[in-house]
file structure.txt (compact mmCIF, C-alpha atoms)
# COMPACT_ATOMS: atom_id res chain seq x y z
CA MET A 1 29.02 -11.40 -18.08
CA THR A 2 28.37 -7.63 -17.81
CA ARG A 3 26.74 -6.00 -14.80
CA ARG A 4 23.67 -5.15 -16.87
CA ALA A 5 23.32 -8.76 -18.01
CA LEU A 6 23.63 -9.96 -14.41
CA ILE A 7 20.91 -7.54 -13.31
CA GLN A 8 18.67 -8.62 -16.18
CA ARG A 9 19.13 -12.26 -15.25
CA LEU A 10 18.57 -11.57 -11.54
CA PHE A 11 15.42 -9.64 -12.36
CA ALA A 12 14.15 -12.32 -14.77
CA ASP A 13 14.70 -15.01 -12.15
CA HIS A 14 12.89 -13.08 -9.42
CA ALA A 15 10.30 -10.90 -11.20
CA ASN A 16 7.37 -13.20 -10.36
CA THR A 17 8.48 -13.46 -6.74
CA LEU A 18 8.78 -9.67 -6.55
CA GLN A 19 5.32 -9.21 -8.00
CA ALA A 20 3.90 -11.67 -5.46
CA PHE A 21 5.76 -9.75 -2.72
CA PHE A 22 4.12 -6.48 -3.81
CA ARG A 23 0.68 -8.05 -4.43
CA ARG A 24 0.56 -9.33 -0.85
CA ARG A 25 1.20 -5.84 0.44
CA LEU A 26 -0.78 -3.69 -2.01
CA ARG A 27 -4.38 -3.48 -3.16
CA GLU A 28 -3.84 -2.88 -6.85
CA GLN A 29 -2.31 -5.45 -9.19
CA ARG A 30 -1.21 -2.61 -11.45
CA ASP A 31 0.78 -1.09 -8.57
CA ALA A 32 2.58 -4.40 -8.02
CA THR A 33 3.61 -4.49 -11.67
CA ASP A 34 4.75 -0.86 -11.62
CA LEU A 35 6.77 -1.32 -8.46
CA THR A 36 8.38 -4.47 -9.82
CA GLN A 37 9.54 -2.49 -12.85
CA GLU A 38 10.77 0.31 -10.57
CA VAL A 39 12.94 -2.21 -8.67
CA TYR A 40 14.54 -3.21 -11.97
CA LEU A 41 15.17 0.44 -12.91
CA ARG A 42 16.72 1.15 -9.53
CA LEU A 43 19.00 -1.84 -9.90
CA LEU A 44 20.13 -0.56 -13.28
CA ARG A 45 20.78 2.89 -11.80
CA ALA A 46 22.69 1.50 -8.81
CA ASN A 47 26.34 2.40 -8.61
CA GLU A 48 29.08 0.01 -9.61
CA THR A 49 29.65 -1.38 -6.10
CA PRO A 50 29.69 -5.15 -6.12
CA ILE A 51 26.59 -6.83 -4.72
CA HIS A 52 27.57 -9.73 -2.49
CA ASN A 53 24.08 -11.17 -2.02
CA PRO A 54 22.03 -10.15 -5.08
CA GLU A 55 18.76 -11.71 -3.94
CA ALA A 56 18.89 -9.99 -0.53
CA TYR A 57 19.78 -6.72 -2.23
CA LEU A 58 16.86 -7.11 -4.63
CA PHE A 59 14.36 -7.53 -1.80
CA THR A 60 15.94 -4.73 0.23
CA VAL A 61 15.36 -2.41 -2.71
CA ALA A 62 11.79 -3.74 -3.03
CA ASN A 63 11.09 -3.25 0.68
CA ASN A 64 12.48 0.30 0.62
CA LEU A 65 10.39 1.10 -2.43
CA LEU A 66 7.29 -0.20 -0.66
CA LYS A 67 8.03 2.07 2.31
CA GLU A 68 8.55 5.08 0.04
CA THR A 69 5.28 4.37 -1.74
CA SER A 70 3.43 4.12 1.55
CA ILE A 71 4.86 7.42 2.78
CA MET A 72 3.97 9.18 -0.49
CA ARG A 73 0.41 7.88 -0.36
CA ARG A 74 -0.05 9.05 3.22
CA ARG A 75 1.21 12.50 2.23
CA ASP A 76 -1.15 12.62 -0.73
CA GLN A 77 -4.11 11.71 1.48
CA ARG A 78 -3.52 14.67 3.78
CA ARG A 79 -5.71 17.48 2.64
CA VAL A 80 -6.17 20.93 4.04
CA ASP A 81 -9.52 22.16 5.34
CA LEU A 82 -11.24 23.66 2.31
CA ASN A 83 -13.75 25.42 4.55
CA HIS A 84 -11.10 27.39 6.40
CA PRO A 85 -12.11 31.04 6.08
CA THR A 86 -8.60 32.38 5.63
CA ALA A 87 -7.84 30.16 2.64
CA VAL A 88 -11.19 30.92 1.04
CA ASP A 89 -10.87 34.66 1.74
CA PHE A 90 -7.41 34.85 0.26
CA LEU A 91 -8.34 33.01 -2.89
CA LYS A 92 -11.58 34.95 -3.17
CA THR A 93 -9.73 38.28 -2.82
CA ASP A 94 -7.08 37.19 -5.30
CA ALA A 95 -9.76 36.08 -7.75
CA LEU A 96 -11.55 39.41 -7.34
CA ALA A 97 -8.32 41.24 -8.14
CA SER A 98 -7.84 39.28 -11.35
CA ASP A 99 -9.51 39.88 -14.68
CA VAL A 100 -12.68 38.04 -13.66
CA ASP A 101 -15.86 39.76 -14.84
CA LEU A 102 -17.25 42.26 -12.27
CA ALA A 103 -20.75 40.76 -12.33
CA TYR A 104 -19.26 37.38 -11.49
CA SER A 105 -17.18 38.87 -8.66
CA ILE A 106 -20.25 40.28 -6.94
CA ASP A 107 -21.67 36.80 -6.37
CA LEU A 108 -19.44 35.98 -3.39
CA ALA A 109 -21.37 32.91 -2.29
CA GLY A 110 -21.06 31.44 -5.75
CA GLN A 111 -17.40 32.27 -5.80
CA VAL A 112 -16.79 30.53 -2.47
CA ARG A 113 -18.54 27.45 -3.85
CA SER A 114 -16.37 27.70 -6.95
CA LEU A 115 -13.22 27.94 -4.87
CA ARG A 116 -14.21 24.89 -2.87
CA SER A 117 -14.69 22.98 -6.10
CA VAL A 118 -11.33 24.15 -7.49
CA LEU A 119 -9.09 23.54 -4.47
CA PRO A 120 -9.51 19.74 -4.47
CA ASP A 121 -8.00 19.72 -7.98
CA LEU A 122 -4.73 20.90 -6.50
CA ALA A 123 -2.16 18.50 -5.13
CA ALA A 124 -2.09 18.13 -1.35
CA ARG A 125 1.25 19.92 -1.14
CA CYS A 126 -0.12 22.86 -3.13
CA GLN A 127 -3.16 23.09 -0.86
CA GLN A 128 -0.87 22.99 2.18
CA VAL A 129 1.34 25.78 0.84
CA LEU A 130 -1.66 28.00 0.04
CA VAL A 131 -3.31 27.53 3.42
CA ARG A 132 -0.09 27.80 5.41
CA THR A 133 0.89 30.95 3.58
CA PHE A 134 -2.41 32.74 4.11
CA GLU A 135 -3.89 31.07 7.16
CA GLU A 136 -0.82 30.66 9.32
CA GLU A 137 0.91 33.58 7.61
CA LEU A 138 4.05 31.54 7.18
CA SER A 139 6.84 32.97 5.09
CA GLN A 140 8.06 31.02 2.10
CA GLN A 141 11.18 30.12 4.08
CA HIS A 142 9.15 28.70 6.99
CA ASN A 143 6.92 26.83 4.57
CA ALA A 144 10.00 25.37 2.91
CA GLU A 145 11.44 24.25 6.25
CA ARG A 146 8.17 22.60 7.31
CA LEU A 147 7.75 20.76 4.02
CA GLY A 148 11.41 19.91 3.59
CA ILE A 149 11.70 21.61 0.20
CA SER A 150 13.50 24.69 -1.11
CA LYS A 151 12.17 28.22 -0.79
CA SER A 152 12.11 28.53 -4.58
CA MET A 153 9.97 25.38 -4.79
CA VAL A 154 7.48 26.90 -2.30
CA HIS A 155 7.35 30.03 -4.46
CA LYS A 156 6.78 27.93 -7.58
CA ILE A 157 4.02 25.86 -5.91
CA LEU A 158 2.33 29.01 -4.59
CA THR A 159 2.45 30.72 -7.97
CA GLN A 160 1.09 27.66 -9.78
CA GLY A 161 -1.68 27.17 -7.20
CA ILE A 162 -2.91 30.75 -7.44
CA SER A 163 -2.67 30.68 -11.23
CA HIS A 164 -4.64 27.42 -11.38
CA CYS A 165 -7.38 28.83 -9.15
CA ARG A 166 -7.61 32.01 -11.24
CA LYS A 167 -7.89 30.08 -14.48
CA ARG A 168 -10.48 27.67 -13.11
CA LEU A 169 -12.57 30.49 -11.65
CA ALA A 170 -12.44 32.31 -14.99
CA GLN A 171 -13.56 29.13 -16.80
CA GLU A 172 -16.48 28.65 -14.43
CA LYS A 173 -17.68 32.24 -14.94
CA PRO A 174 -21.38 32.24 -15.88
CA LEU A 175 -22.34 33.63 -19.28

call {"tool": "encode", "arguments": {"input": "structure.txt", "output": "C-alpha cells"}}
result
Amino acid sequence: MTRRALIQRLFADHANTLQAFFRRRLREQRDATDLTQEVYLRLLRANETPIHNPEAYLFTVANNLLKETSIMRRRDQRRVDLNHPTAVDFLKTDALASDVDLAYSIDLAGQVRSLRSVLPDLAARCQQVLVRTFEEELSQQHNAERLGISKSMVHKILTQGISHCRKRLAQEKPL
C-alpha cells in the first residue's frame, strides 16, 4: 500500500475523532472541520520518514495545529491604539499630501474621524507597522526584528497600509 493510501486510510479512520478533538477545544464547528482538513493536508505534505505510531503522530499534528491557531488568533486580536495622535497625524499628513480634494483636506476633524474608521480595516500587523514606524519612529529593520519578519516585508506592509488609507480616504470624500 502506498504512503498516500496509508494516510488516507488513517485519516478516514480518525477524522471523526479529530473533529471531536477540535470541537471540544474550539467555539466554531466550522473551525473544527477546517482544522481537521488541515491535519490531513499536513500529513500529505509530511516528508517520507516512516511514522512508527501513526495515531500518535496524527494527534501530535492536530495538537500543534491547535496551538498555532491559538497563537494566530491572539496576534490578530492585538490592535494598536487608533486614538494615538502620532498615528493619526502621520496618516492625516500623508492623506493631505495625496491627491485628495483641497476642500476635503481642510476639514481636519472629519479627516481624523475618517482615519479612525479606515484603520480598523487594516490587519493588526499592518496597524502595528504603521504606528511603530511613526509613533515609535522605528526603522524598517527594527520593525522587522520586533515582528520577526523581513525588512522587505515591513516595507511592503507599510506601503500597502498607506495606500489603503489613501484610497479609502479618497472614496469617503464628500461630494

call {"tool": "atom_distance", "arguments": {"input": "structure.txt", "atom1": "CA of Glu55 in chain A", "atom2": "CA of His14 in chain A"}}
result
8.1 Å

call {"tool": "residues_around", "arguments": {"input": "structure.txt", "residues": "Arg42 in chain A", "least_positions_apart": "3", "cutoff": "12 Å", "atoms": "only C-alpha atoms", "output": "ChimeraX atom specification"}}
result
/A:4,7-8,11,35-39,45-47,57-62,64-65

call {"tool": "closest_residue", "arguments": {"input": "structure.txt", "among": "A:Gln29, A:Asp13, A:Cys165, A:Leu138", "to": "Lys151 in chain A", "atoms": "only C-alpha atoms"}}
result
A:Leu138

call {"tool": "atom_distance", "arguments": {"input": "structure.txt", "atom1": "CA of Ala123 in chain A", "atom2": "CA of Ile157 in chain A"}}
result
9.6 Å

call {"tool": "atom_distance", "arguments": {"input": "structure.txt", "atom1": "CA of Leu41 in chain A", "atom2": "CA of Ile149 in chain A"}}
result
25.1 Å

call {"tool": "closest_residue", "arguments": {"input": "structure.txt", "among": "A:Ala20, A:Arg3, A:Arg168, A:Gly148", "to": "Asp121 in chain A", "atoms": "only C-alpha atoms"}}
result
A:Arg168

call {"tool": "closest_residue", "arguments": {"input": "structure.txt", "among": "A:Leu147, A:Leu66, A:Ile51, A:Met1", "to": "Gln19 in chain A", "atoms": "only C-alpha atoms"}}
result
A:Leu66

call {"tool": "closest_residue", "arguments": {"input": "structure.txt", "among": "A:Ala124, A:Ser150, A:Val129, A:Val118", "to": "His164 in chain A", "atoms": "all atoms listed in the file"}}
result
A:Val118

call {"tool": "residues_around", "arguments": {"input": "structure.txt", "residues": "Gly161 in chain A", "least_positions_apart": "5", "cutoff": "8 Å", "atoms": "all atoms listed in the file", "output": "MDAnalysis selection string"}}
result
chainID A and resid 122 126:127 130

call {"tool": "axis_aligned_box", "arguments": {"input": "structure.txt", "around": "range 15-34 of chain A", "padding_each_side": "3 Å", "output": "AutoDock Vina command-line options"}}
result
--center_x 3.0 --center_y -7.2 --center_z -5.6 --size_x 20.7 --size_y 18.6 --size_z 18.1
